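Shown next: target14.cif, containing mmCIF, C-alpha atoms.
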data_input
#
loop_
_atom_site.label_atom_id
_atom_site.label_comp_id
_atom_site.auth_asym_id
_atom_site.auth_seq_id
_atom_site.Cartn_x
_atom_site.Cartn_y
_atom_site.Cartn_z
CA MET A 1 34.12 3.10 12.10
CA SER A 2 34.25 2.94 8.28
CA LEU A 3 31.38 1.55 6.24
CA ASP A 4 31.88 -2.05 5.13
CA PHE A 5 31.32 -3.21 1.54
CA SER A 6 32.83 -6.69 1.87
CA GLY A 7 31.33 -9.16 -0.58
CA GLN A 8 29.78 -6.43 -2.71
CA VAL A 9 30.50 -5.53 -6.33
CA ALA A 10 30.54 -1.92 -7.50
CA ILE A 11 30.72 -0.34 -10.94
CA VAL A 12 32.07 3.22 -11.02
CA THR A 13 31.96 5.02 -14.36
CA GLY A 14 34.42 7.75 -15.18
CA ALA A 15 36.72 6.25 -12.56
CA GLY A 16 40.06 6.83 -14.26
CA GLY A 17 40.66 10.06 -12.36
CA GLY A 18 39.15 12.75 -10.17
CA LEU A 19 36.00 11.93 -8.25
CA GLY A 20 35.49 8.53 -9.87
CA ARG A 21 38.98 7.41 -8.92
CA GLU A 22 38.46 8.46 -5.31
CA HIS A 23 35.10 6.65 -5.21
CA ALA A 24 36.64 3.48 -6.64
CA LEU A 25 39.63 3.50 -4.28
CA ALA A 26 37.43 4.11 -1.24
CA LEU A 27 34.99 1.34 -2.11
CA ALA A 28 37.83 -1.09 -2.74
CA ALA A 29 39.53 -0.13 0.53
CA ARG A 30 36.32 -1.06 2.32
CA GLY A 31 36.06 -4.51 0.76
CA ALA A 32 34.15 -4.03 -2.50
CA LYS A 33 35.22 -5.59 -5.77
CA VAL A 34 35.31 -2.64 -8.15
CA VAL A 35 34.82 -2.21 -11.88
CA VAL A 36 36.86 0.83 -12.89
CA ASN A 37 35.13 2.08 -16.02
CA ASP A 38 36.69 4.91 -17.98
CA LEU A 39 36.70 5.76 -21.67
CA GLY A 40 39.97 7.59 -21.18
CA GLY A 41 38.96 10.54 -23.33
CA ALA A 42 39.59 14.25 -23.01
CA ARG A 43 37.30 16.58 -21.03
CA ASP A 44 35.25 17.22 -24.17
CA GLY A 45 34.76 13.49 -24.74
CA SER A 46 37.22 13.07 -27.61
CA GLY A 47 39.68 10.18 -27.76
CA SER A 48 39.91 7.01 -25.69
CA SER A 49 42.47 4.97 -23.73
CA LEU A 50 42.27 2.22 -21.13
CA SER A 51 45.45 3.36 -19.38
CA ALA A 52 43.70 5.57 -16.80
CA ALA A 53 41.35 2.78 -15.73
CA GLU A 54 44.20 0.28 -15.62
CA ALA A 55 46.26 2.61 -13.43
CA VAL A 56 43.45 2.80 -10.87
CA VAL A 57 43.06 -0.98 -10.94
CA ALA A 58 46.79 -1.27 -10.29
CA GLU A 59 46.43 1.03 -7.25
CA ILE A 60 43.58 -1.07 -5.88
CA GLU A 61 45.43 -4.34 -6.41
CA ALA A 62 48.63 -2.97 -4.87
CA ALA A 63 46.61 -2.20 -1.74
CA GLY A 64 45.27 -5.76 -1.63
CA GLY A 65 41.93 -5.12 -3.30
CA GLU A 66 40.23 -6.67 -6.31
CA ALA A 67 39.27 -4.71 -9.42
CA MET A 68 38.87 -4.89 -13.17
CA ALA A 69 39.33 -2.22 -15.81
CA ASN A 70 36.75 -1.44 -18.48
CA GLY A 71 36.94 1.09 -21.29
CA ALA A 72 33.33 1.11 -22.50
CA SER A 73 31.76 4.41 -23.44
CA VAL A 74 28.61 4.85 -21.37
CA THR A 75 26.90 6.08 -24.54
CA ASP A 76 27.43 2.69 -26.22
CA ARG A 77 24.59 0.45 -25.07
CA ASP A 78 26.15 -2.72 -26.44
CA ALA A 79 29.49 -1.98 -24.78
CA VAL A 80 27.77 -1.25 -21.47
CA LYS A 81 25.78 -4.48 -21.73
CA ALA A 82 29.00 -6.39 -22.45
CA MET A 83 30.66 -4.77 -19.42
CA VAL A 84 27.83 -5.91 -17.16
CA GLU A 85 27.95 -9.42 -18.64
CA ASP A 86 31.70 -9.57 -17.95
CA VAL A 87 31.15 -8.47 -14.35
CA MET A 88 28.45 -11.09 -13.80
CA ALA A 89 30.62 -13.81 -15.34
CA ARG A 90 33.51 -12.92 -13.04
CA TRP A 91 31.79 -11.99 -9.78
CA GLY A 92 28.15 -13.08 -10.13
CA ARG A 93 26.45 -9.97 -8.76
CA ILE A 94 26.33 -6.16 -8.95
CA ASP A 95 25.36 -4.28 -5.80
CA ILE A 96 26.43 -0.71 -6.54
CA LEU A 97 26.40 1.53 -9.60
CA VAL A 98 27.98 4.97 -9.44
CA ASN A 99 27.09 6.99 -12.55
CA ASN A 100 30.00 9.43 -12.54
CA ALA A 101 31.17 9.63 -16.18
CA GLY A 102 30.87 13.05 -17.76
CA ILE A 103 32.26 15.60 -20.18
CA LEU A 104 32.13 19.37 -20.62
CA ARG A 105 31.44 21.45 -23.70
CA ASP A 106 30.79 24.86 -22.15
CA LYS A 107 29.57 27.85 -24.15
CA SER A 108 26.81 30.36 -23.79
CA PHE A 109 23.56 29.08 -25.29
CA ALA A 110 23.73 31.71 -28.04
CA LYS A 111 27.10 30.37 -29.21
CA MET A 112 26.57 26.67 -28.53
CA GLU A 113 26.26 24.21 -31.37
CA LEU A 114 23.35 21.81 -30.87
CA ASP A 115 25.67 18.87 -31.51
CA ASP A 116 27.59 19.91 -28.38
CA PHE A 117 24.33 20.15 -26.45
CA GLN A 118 23.30 16.69 -27.62
CA LEU A 119 26.64 15.06 -26.81
CA VAL A 120 26.69 16.34 -23.22
CA VAL A 121 23.13 15.11 -22.69
CA ASP A 122 24.04 11.76 -24.26
CA VAL A 123 27.02 11.24 -21.95
CA HIS A 124 25.56 12.47 -18.66
CA LEU A 125 21.90 11.53 -18.97
CA MET A 126 21.74 8.69 -21.48
CA GLY A 127 25.04 7.29 -20.20
CA ALA A 128 23.48 6.97 -16.76
CA VAL A 129 20.31 5.53 -18.28
CA ASN A 130 22.28 2.93 -20.26
CA CYS A 131 24.28 1.80 -17.24
CA THR A 132 21.29 1.78 -14.92
CA LYS A 133 19.15 -0.17 -17.36
CA ALA A 134 21.93 -2.73 -17.76
CA VAL A 135 22.03 -3.49 -14.01
CA TRP A 136 18.39 -2.86 -13.11
CA GLU A 137 17.05 -6.39 -13.62
CA ILE A 138 20.07 -7.85 -11.82
CA MET A 139 19.35 -5.68 -8.79
CA ARG A 140 15.63 -6.50 -8.94
CA THR A 141 16.45 -10.22 -8.94
CA GLN A 142 18.86 -9.78 -6.02
CA ASN A 143 16.32 -7.62 -4.16
CA TYR A 144 19.19 -5.27 -3.49
CA GLY A 145 20.87 -2.38 -5.25
CA ARG A 146 22.37 1.04 -4.65
CA ILE A 147 22.58 3.57 -7.49
CA VAL A 148 23.96 7.09 -7.45
CA MET A 149 23.49 9.70 -10.17
CA THR A 150 26.04 12.50 -10.23
CA THR A 151 24.05 15.72 -10.51
CA SER A 152 25.39 19.27 -10.12
CA SER A 153 24.60 22.68 -8.72
CA SER A 154 24.68 23.78 -12.37
CA GLY A 155 21.57 21.68 -12.90
CA LEU A 156 19.90 22.45 -9.60
CA TYR A 157 20.50 26.20 -9.71
CA GLY A 158 22.00 27.10 -13.10
CA ASN A 159 25.42 28.30 -14.23
CA PHE A 160 26.38 30.61 -17.09
CA GLY A 161 27.66 28.75 -20.13
CA GLN A 162 26.40 25.35 -19.03
CA SER A 163 22.90 25.01 -20.46
CA ASN A 164 23.74 21.58 -21.87
CA TYR A 165 25.47 20.35 -18.72
CA GLY A 166 22.82 21.85 -16.43
CA ALA A 167 19.94 20.35 -18.41
CA ALA A 168 21.51 16.90 -18.30
CA LYS A 169 22.33 17.14 -14.61
CA MET A 170 18.82 18.22 -13.63
CA ALA A 171 17.37 15.45 -15.77
CA LEU A 172 19.28 12.98 -13.61
CA VAL A 173 17.36 14.28 -10.59
CA GLY A 174 14.10 13.47 -12.36
CA LEU A 175 15.41 10.02 -13.24
CA MET A 176 16.36 9.45 -9.61
CA GLN A 177 12.93 10.54 -8.35
CA THR A 178 11.08 7.95 -10.42
CA LEU A 179 13.58 5.09 -10.13
CA SER A 180 13.61 5.40 -6.35
CA ILE A 181 9.85 4.86 -6.38
CA GLU A 182 9.98 1.95 -8.82
CA GLY A 183 12.91 0.29 -7.07
CA ALA A 184 11.60 0.52 -3.52
CA LYS A 185 9.92 -2.90 -3.40
CA ASN A 186 13.21 -4.56 -4.38
CA ASP A 187 15.36 -2.51 -1.99
CA ILE A 188 16.97 -0.59 -4.83
CA ARG A 189 17.83 2.81 -3.41
CA VAL A 190 18.60 5.62 -5.83
CA ASN A 191 20.20 8.92 -4.86
CA CYS A 192 21.96 11.93 -6.37
CA LEU A 193 25.33 13.38 -5.44
CA ALA A 194 26.05 17.03 -6.28
CA PRO A 195 29.83 17.40 -5.84
CA THR A 196 32.09 20.44 -5.68
CA ALA A 197 35.67 19.36 -6.27
CA HIS A 198 38.81 20.27 -8.17
CA THR A 199 39.16 17.69 -10.92
CA ARG A 200 40.22 17.62 -14.55
CA MET A 201 36.74 19.03 -15.29
CA THR A 202 37.44 22.18 -13.24
CA GLU A 203 41.18 22.63 -13.71
CA ASP A 204 40.77 25.89 -15.67
CA LEU A 205 38.72 27.64 -12.97
CA GLY A 206 41.58 28.54 -10.60
CA LEU A 207 40.02 26.85 -7.57
CA PRO A 208 42.24 25.98 -4.56
CA LEU A 209 43.40 22.38 -4.90
CA GLU A 210 43.55 21.30 -1.27
CA ALA A 211 40.23 22.73 -0.14
CA LEU A 212 38.37 21.13 -3.04
CA ALA A 213 40.04 17.72 -3.08
CA PRO A 214 37.78 15.03 -4.58
CA ALA A 215 38.48 12.84 -1.54
CA LEU A 216 36.43 15.26 0.56
CA VAL A 217 33.32 14.40 -1.48
CA THR A 218 33.65 10.62 -1.40
CA PRO A 219 32.42 10.08 2.21
CA GLY A 220 29.02 11.28 1.05
CA LEU A 221 29.08 8.88 -1.87
CA LEU A 222 29.94 6.00 0.43
CA TYR A 223 26.91 6.67 2.59
CA LEU A 224 24.61 6.93 -0.43
CA VAL A 225 25.64 3.43 -1.58
CA SER A 226 25.79 1.81 1.85
CA ARG A 227 23.38 -0.81 3.20
CA ASP A 228 21.73 1.86 5.35
CA ALA A 229 21.54 4.42 2.54
CA PRO A 230 18.58 6.76 2.18
CA THR A 231 16.70 6.93 -1.11
CA ARG A 232 15.55 9.94 -3.18
CA CYS A 233 18.25 12.08 -1.58
CA ILE A 234 20.11 14.92 -3.31
CA LEU A 235 23.31 15.25 -1.32
CA ALA A 236 25.58 18.22 -2.02
CA ALA A 237 29.21 17.82 -0.98
CA GLY A 238 32.47 19.70 -1.27
CA ALA A 239 35.41 21.03 0.75
CA GLY A 240 34.21 19.02 3.74
CA GLY A 241 30.73 20.53 3.67
CA PHE A 242 27.62 18.41 3.21
CA GLU A 243 24.15 19.78 2.48
CA ARG A 244 20.88 18.33 1.27
CA ALA A 245 18.89 19.84 -1.58
CA TYR A 246 15.15 19.38 -2.03
CA VAL A 247 12.56 19.90 -4.75
CA THR A 248 9.66 21.51 -2.90
CA LEU A 249 6.11 22.66 -3.62
CA THR A 250 4.40 25.68 -2.06
CA GLN A 251 0.80 25.67 -0.85
CA GLY A 252 0.02 28.25 -3.54
CA ASP A 253 -3.40 29.79 -4.12
CA PHE A 254 -6.74 29.04 -5.83
CA ILE A 255 -7.49 31.24 -8.83
CA VAL A 256 -10.28 30.94 -11.41
CA GLY A 257 -12.36 33.36 -13.45
CA GLU A 258 -12.11 35.47 -16.58
CA ASP A 259 -9.40 37.60 -15.01
CA ALA A 260 -7.38 34.61 -13.76
CA ASP A 261 -4.29 35.77 -15.64
CA GLN A 262 -4.37 39.12 -13.84
CA GLN A 263 -4.99 37.38 -10.52
CA VAL A 264 -1.96 35.15 -11.04
CA ALA A 265 0.12 38.25 -11.62
CA SER A 266 -1.27 40.18 -8.66
CA ARG A 267 -1.16 37.24 -6.24
CA PHE A 268 2.18 35.81 -7.30
CA ASP A 269 3.72 36.58 -3.92
CA LYS A 270 1.12 34.35 -2.26
CA ILE A 271 1.68 31.64 -4.85
CA SER A 272 5.40 31.85 -4.07
CA ASP A 273 5.08 31.93 -0.26
CA ARG A 274 7.21 29.10 1.12
CA LEU A 275 5.34 28.85 4.40
CA GLY A 276 3.99 25.31 4.61
CA GLU A 277 5.82 24.10 1.50
CA ILE A 278 6.09 20.32 1.12
CA ILE A 279 8.42 17.74 -0.40
CA PRO A 280 6.01 15.57 -2.41
CA ASP A 281 6.28 11.79 -2.20
CA MET A 282 5.58 11.64 -5.93
CA GLY A 283 4.40 13.81 -8.80
CA SER A 284 0.71 13.16 -8.20
CA ALA A 285 0.94 15.30 -5.06
CA GLN A 286 0.80 18.44 -7.19
CA GLY A 287 -2.49 17.35 -8.76
CA MET A 288 -3.93 16.39 -5.38
CA ILE A 289 -3.14 19.81 -3.91
CA GLU A 290 -4.70 21.53 -6.91
CA MET A 291 -7.82 19.34 -6.80
CA THR A 292 -8.18 20.05 -3.08
CA LYS A 293 -8.11 23.77 -3.79
CA ALA A 294 -10.80 23.32 -6.41
CA GLN A 295 -12.94 21.25 -4.06
CA TYR A 296 -12.73 23.55 -1.05
CA ARG A 297 -12.10 26.85 -2.83
CA VAL A 298 -9.05 27.55 -0.69
#

For this file, write the structure as structure tokens.
Amino acid sequence: MSLDFSGQVAIVTGAGGGLGREHALALAARGAKVVVNDLGGARDGSGSSLSAAEAVVAEIEAAGGEAMANGASVTDRDAVKAMVEDVMARWGRIDILVNNAGILRDKSFAKMELDDFQLVVDVHLMGAVNCTKAVWEIMRTQNYGRIVMTTSSSGLYGNFGQSNYGAAKMALVGLMQTLSIEGAKNDIRVNCLAPTAHTRMTEDLGLPLEALAPALVTPGLLYLVSRDAPTRCILAAGAGGFERAYVTLTQGDFIVGEDADQQVASRFDKISDRLGEIIPDMGSAQGMIEMTKAQYRV
């Protein structure tokens, strides 16, 4: 049985093609009213056009769904605020935000211009921040919200030539960790999706089209924005495979003294031992573990 989003309103950024389009179509097919946001620019962020967003809206409406197109750049706070105001005026609520908009400006760090680093961070990280901030108080008032950040294996594990993209994508994990804590009392659940799919962003990599269809990622997205969604989850998805990634902390070791630097070096294997590692509930867990070591001289 498919998940049901009847009566809910979803905003999907970067929804003019690829993953965002699949997310928007799937949400609409399951009853959601969908805002199809897309700047309509090139992969590097240049240019703009509303035609891609309008085409997706036309698909949704032809299938009997309800949608509206929006061409705001996620980096433009005023435009994002106006988009949210338009949605509230038309439909009166916002239940789901999918932060999917992104660009690429790949180069090795040695050759990368800092303007290209800044722009990628602005679109992926600050774009998600702008959109999330614009809906946050609405979701708090409703005592309901589902937000997904689109992270990446390039952020979680690194990828040559993507220092800007990887930094922005890992920053979204940190944003998710804190917002999931702050949103818990108002039933705002915040998760990350790390997709592997053949889209316009990956068209130069020679990946097989069918095996990496964006539609194979979207079932994971649907669960992350459903009523029964988890929170603080990093879900990896691609080619029909689904995995969960975690940020963990080892039990480590207790080291003090004048030769502490040498001890760290000589005992690094013990520090790194993953036996008994934990997934902290929040950042203070690290300090608590370290203070416990100091107290009991573990």

Show me, as a Markdown table, the residues of region 197-297 of chain A having an atom within 12 Å of region 28-40 of chain A, each with the closest atom pair and its distance in Å, using only C-alpha atoms.
| residue | atom | partner | partner_atom | distance |
| --- | --- | --- | --- | --- |
| A:Pro219 | CA | A:Arg30 | CA | 11.8 |
| A:Leu222 | CA | A:Arg30 | CA | 9.7 |
| A:Val225 | CA | A:Ala32 | CA | 11.4 |
| A:Ser226 | CA | A:Arg30 | CA | 10.9 |

Q: For CA of Val247 (chain A) and CA of Ala26 (chain A), determine how far apart the two atoms are, in Å to one decimal place.
A: 29.7 Å

Hey, what's within 8 Å of region 131-134 of chain A if we count only C-alpha atoms and toss same-chain stuff fewer than 6 positions away? As a PDB file with C-alpha atoms, in the coordinates of the input, please?
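Contents of result21.pdb, as written:
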ATOM      1  CA  VAL A  74      28.610   4.850 -21.370  1.00  0.00           C
ATOM      2  CA  ARG A  77      24.590   0.450 -25.070  1.00  0.00           C
ATOM      3  CA  VAL A  80      27.770  -1.250 -21.470  1.00  0.00           C
ATOM      4  CA  LYS A  81      25.780  -4.480 -21.730  1.00  0.00           C
ATOM      5  CA  VAL A  84      27.830  -5.910 -17.160  1.00  0.00           C
ATOM      6  CA  LEU A  97      26.400   1.530  -9.600  1.00  0.00           C
ATOM      7  CA  ASN A  99      27.090   6.990 -12.550  1.00  0.00           C
ATOM      8  CA  ILE A 147      22.580   3.570  -7.490  1.00  0.00           C
TER       9      ILE A 147
END

**Q.** Distance in Å - CA of Phe117 (chain A) versus CA of Thr196 (chain A)
**A.**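 Taking CA of Phe117 (chain A) as the start and CA of Thr196 (chain A) as the end point, the length is 22.2 Å.
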
Q. Between A:Phe268, A:Phe242, A:Phe254, A:Phe5, which has the minimum distance to Tyr296 (chain A) (counting only C-alpha atoms)?
A.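 Using only C-alpha atoms, the shortest distance to Tyr296 (chain A) belongs to A:Phe254.
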
Q: Excluding Pro280 (chain A) and any residue of its chain fewer than 2 positions from it, enumerate the residues within 9 Å of it, using only C-alpha atoms, and give them as a count of residues only.
A: 9

Q) Quick one: distance from CA of Ala62 (chain A) to CA of Val87 (chain A) in Å, one decimal? A)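 Between CA of Ala62 (chain A) and CA of Val87 (chain A) the gap is 20.6 Å.
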
Evaluate the PyMOL selection byres ((chain A and resi 90) around 12) and record the selected residues as a PDB file with C-alpha atoms, keeping the file's coordinate frame, following the chain and residue labels used in the document.
ATOM      1  CA  VAL A   9      30.500  -5.530  -6.330  1.00  0.00           C
ATOM      2  CA  LYS A  33      35.220  -5.590  -5.770  1.00  0.00           C
ATOM      3  CA  VAL A  34      35.310  -2.640  -8.150  1.00  0.00           C
ATOM      4  CA  VAL A  35      34.820  -2.210 -11.880  1.00  0.00           C
ATOM      5  CA  GLU A  66      40.230  -6.670  -6.310  1.00  0.00           C
ATOM      6  CA  ALA A  67      39.270  -4.710  -9.420  1.00  0.00           C
ATOM      7  CA  MET A  68      38.870  -4.890 -13.170  1.00  0.00           C
ATOM      8  CA  MET A  83      30.660  -4.770 -19.420  1.00  0.00           C
ATOM      9  CA  VAL A  84      27.830  -5.910 -17.160  1.00  0.00           C
ATOM     10  CA  GLU A  85      27.950  -9.420 -18.640  1.00  0.00           C
ATOM     11  CA  ASP A  86      31.700  -9.570 -17.950  1.00  0.00           C
ATOM     12  CA  VAL A  87      31.150  -8.470 -14.350  1.00  0.00           C
ATOM     13  CA  MET A  88      28.450 -11.090 -13.800  1.00  0.00           C
ATOM     14  CA  ALA A  89      30.620 -13.810 -15.340  1.00  0.00           C
ATOM     15  CA  TRP A  91      31.790 -11.990  -9.780  1.00  0.00           C
ATOM     16  CA  GLY A  92      28.150 -13.080 -10.130  1.00  0.00           C
ATOM     17  CA  ARG A  93      26.450  -9.970  -8.760  1.00  0.00           C
ATOM     18  CA  ILE A  94      26.330  -6.160  -8.950  1.00  0.00           C
TER      19      ILE A  94
END

Q | Nearest-residue call for Leu114 (chain A), choices A:Thr218, A:Leu50, A:Asp273, A:Ser163, using only C-alpha atoms | A |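 For Leu114 (chain A), the nearest of the given residues is A:Ser163.
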
At a cut-off of 9 Å, using all atoms listed in the file, what residues contact Leu235 (chain A)? Leave out same-chain residues fewer than 4 positions from it and give the result as a short mmCIF file (atom, residue, chain, number, x, y, z; two decimals) with C-alpha atoms, in the coordinates of the input.
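Below is the file that was written, out.cif:
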data_model
loop_
_atom_site.label_atom_id
_atom_site.label_comp_id
_atom_site.auth_asym_id
_atom_site.auth_seq_id
_atom_site.Cartn_x
_atom_site.Cartn_y
_atom_site.Cartn_z
CA ASN A 191 20.20 8.92 -4.86
CA CYS A 192 21.96 11.93 -6.37
CA LEU A 193 25.33 13.38 -5.44
CA ALA A 194 26.05 17.03 -6.28
CA PRO A 195 29.83 17.40 -5.84
CA GLY A 220 29.02 11.28 1.05
CA LEU A 221 29.08 8.88 -1.87
CA LEU A 224 24.61 6.93 -0.43
CA PHE A 242 27.62 18.41 3.21
CA GLU A 243 24.15 19.78 2.48
CA ARG A 244 20.88 18.33 1.27
CA ALA A 245 18.89 19.84 -1.58
#

Q. Nearest to Ser180 (chain A) among A:Thr231, A:Ser51, A:Gln251, A:Ser2, with distances taken over all atoms listed in the file: which residue is it?
A.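 Using all atoms listed in the file, the shortest distance to Ser180 (chain A) belongs to A:Thr231.
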
Q: Please identify all polymer residues within 9 Å of region 100-106 of chain A, counting all atoms listed in the file, omitting same-chain residues fewer than 6 positions from it, and present them as JSON, numbers by chain.
A: {"A": [12, 13, 14, 15, 19, 20, 37, 38, 39, 41, 42, 43, 44, 45, 73, 74, 112, 116, 117, 119, 120, 123, 124, 127, 128, 148, 149, 150, 151, 160, 161, 162, 163, 164, 165, 201]}

Could you expand the PyMOL selection byres ((chain A and resi 142) around 10) into the explicit residues it covers here, written as a short mmCIF file (atom, residue, chain, number, x, y, z; two decimals) with C-alpha atoms, keeping the file's coordinate frame?
data_model
loop_
_atom_site.label_atom_id
_atom_site.label_comp_id
_atom_site.auth_asym_id
_atom_site.auth_seq_id
_atom_site.Cartn_x
_atom_site.Cartn_y
_atom_site.Cartn_z
CA ARG A 93 26.45 -9.97 -8.76
CA ILE A 94 26.33 -6.16 -8.95
CA ASP A 95 25.36 -4.28 -5.80
CA TRP A 136 18.39 -2.86 -13.11
CA GLU A 137 17.05 -6.39 -13.62
CA ILE A 138 20.07 -7.85 -11.82
CA MET A 139 19.35 -5.68 -8.79
CA ARG A 140 15.63 -6.50 -8.94
CA THR A 141 16.45 -10.22 -8.94
CA ASN A 143 16.32 -7.62 -4.16
CA TYR A 144 19.19 -5.27 -3.49
CA GLY A 145 20.87 -2.38 -5.25
CA ASN A 186 13.21 -4.56 -4.38
CA ASP A 187 15.36 -2.51 -1.99
CA ILE A 188 16.97 -0.59 -4.83
#

Q.
Just checking: using only C-alpha atoms, which residue out of A:Ile289, A:Met126, A:Ala239, A:Ala229 ends up closest to Glu210 (chain A)?
A.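 Distance minimum relative to Glu210 (chain A) lands on A:Ala239.
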
Q: Determine the residue set returned by the PyMOL selection byres ((chain A and resi 171) around 10) for the present structure, and present it as a VMD selection string.
A: chain A and resid 121 124 to 126 151 155 to 156 165 to 170 172 to 177

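Ranking A:Gly276, A:Lys185, A:Gln263, A:Ser152 by their shortest atom-to-atom distance to Ala236 (chain A), with only C-alpha atoms included, puts A:Ser152 first.
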
Please return region 111-123 of chain A, rebuilt to N, CA and C atoms, as a tab-separated table (two decimals), keeping the file's coordinate frame.
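As written to disk, part33.tsv reads:
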chain	number	residue	atom	x	y	z
A	111	LYS	N	25.95	30.80	-28.40
A	111	LYS	CA	27.10	30.37	-29.21
A	111	LYS	C	27.23	28.86	-29.32
A	112	MET	N	26.42	28.13	-28.59
A	112	MET	CA	26.57	26.67	-28.53
A	112	MET	C	25.99	26.00	-29.77
A	113	GLU	N	26.76	25.05	-30.30
A	113	GLU	CA	26.26	24.21	-31.37
A	113	GLU	C	25.37	23.12	-30.76
A	114	LEU	N	24.27	22.80	-31.42
A	114	LEU	CA	23.35	21.81	-30.87
A	114	LEU	C	23.98	20.42	-30.79
A	115	ASP	N	24.97	20.14	-31.63
A	115	ASP	CA	25.67	18.87	-31.51
A	115	ASP	C	26.39	18.77	-30.16
A	116	ASP	N	26.93	19.90	-29.68
A	116	ASP	CA	27.59	19.91	-28.38
A	116	ASP	C	26.58	19.76	-27.25
A	117	PHE	N	25.40	20.33	-27.45
A	117	PHE	CA	24.33	20.15	-26.45
A	117	PHE	C	23.94	18.67	-26.39
A	118	GLN	N	23.73	18.08	-27.56
A	118	GLN	CA	23.30	16.69	-27.62
A	118	GLN	C	24.32	15.74	-27.01
A	119	LEU	N	25.61	15.97	-27.30
A	119	LEU	CA	26.64	15.06	-26.81
A	119	LEU	C	26.72	15.08	-25.29
A	120	VAL	N	26.63	16.25	-24.69
A	120	VAL	CA	26.69	16.34	-23.22
A	120	VAL	C	25.49	15.63	-22.60
A	121	VAL	N	24.32	15.82	-23.18
A	121	VAL	CA	23.13	15.11	-22.69
A	121	VAL	C	23.29	13.60	-22.87
A	122	ASP	N	23.85	13.19	-24.00
A	122	ASP	CA	24.04	11.76	-24.26
A	122	ASP	C	24.96	11.11	-23.23
A	123	VAL	N	26.05	11.81	-22.88
A	123	VAL	CA	27.02	11.24	-21.95
A	123	VAL	C	26.46	11.23	-20.53
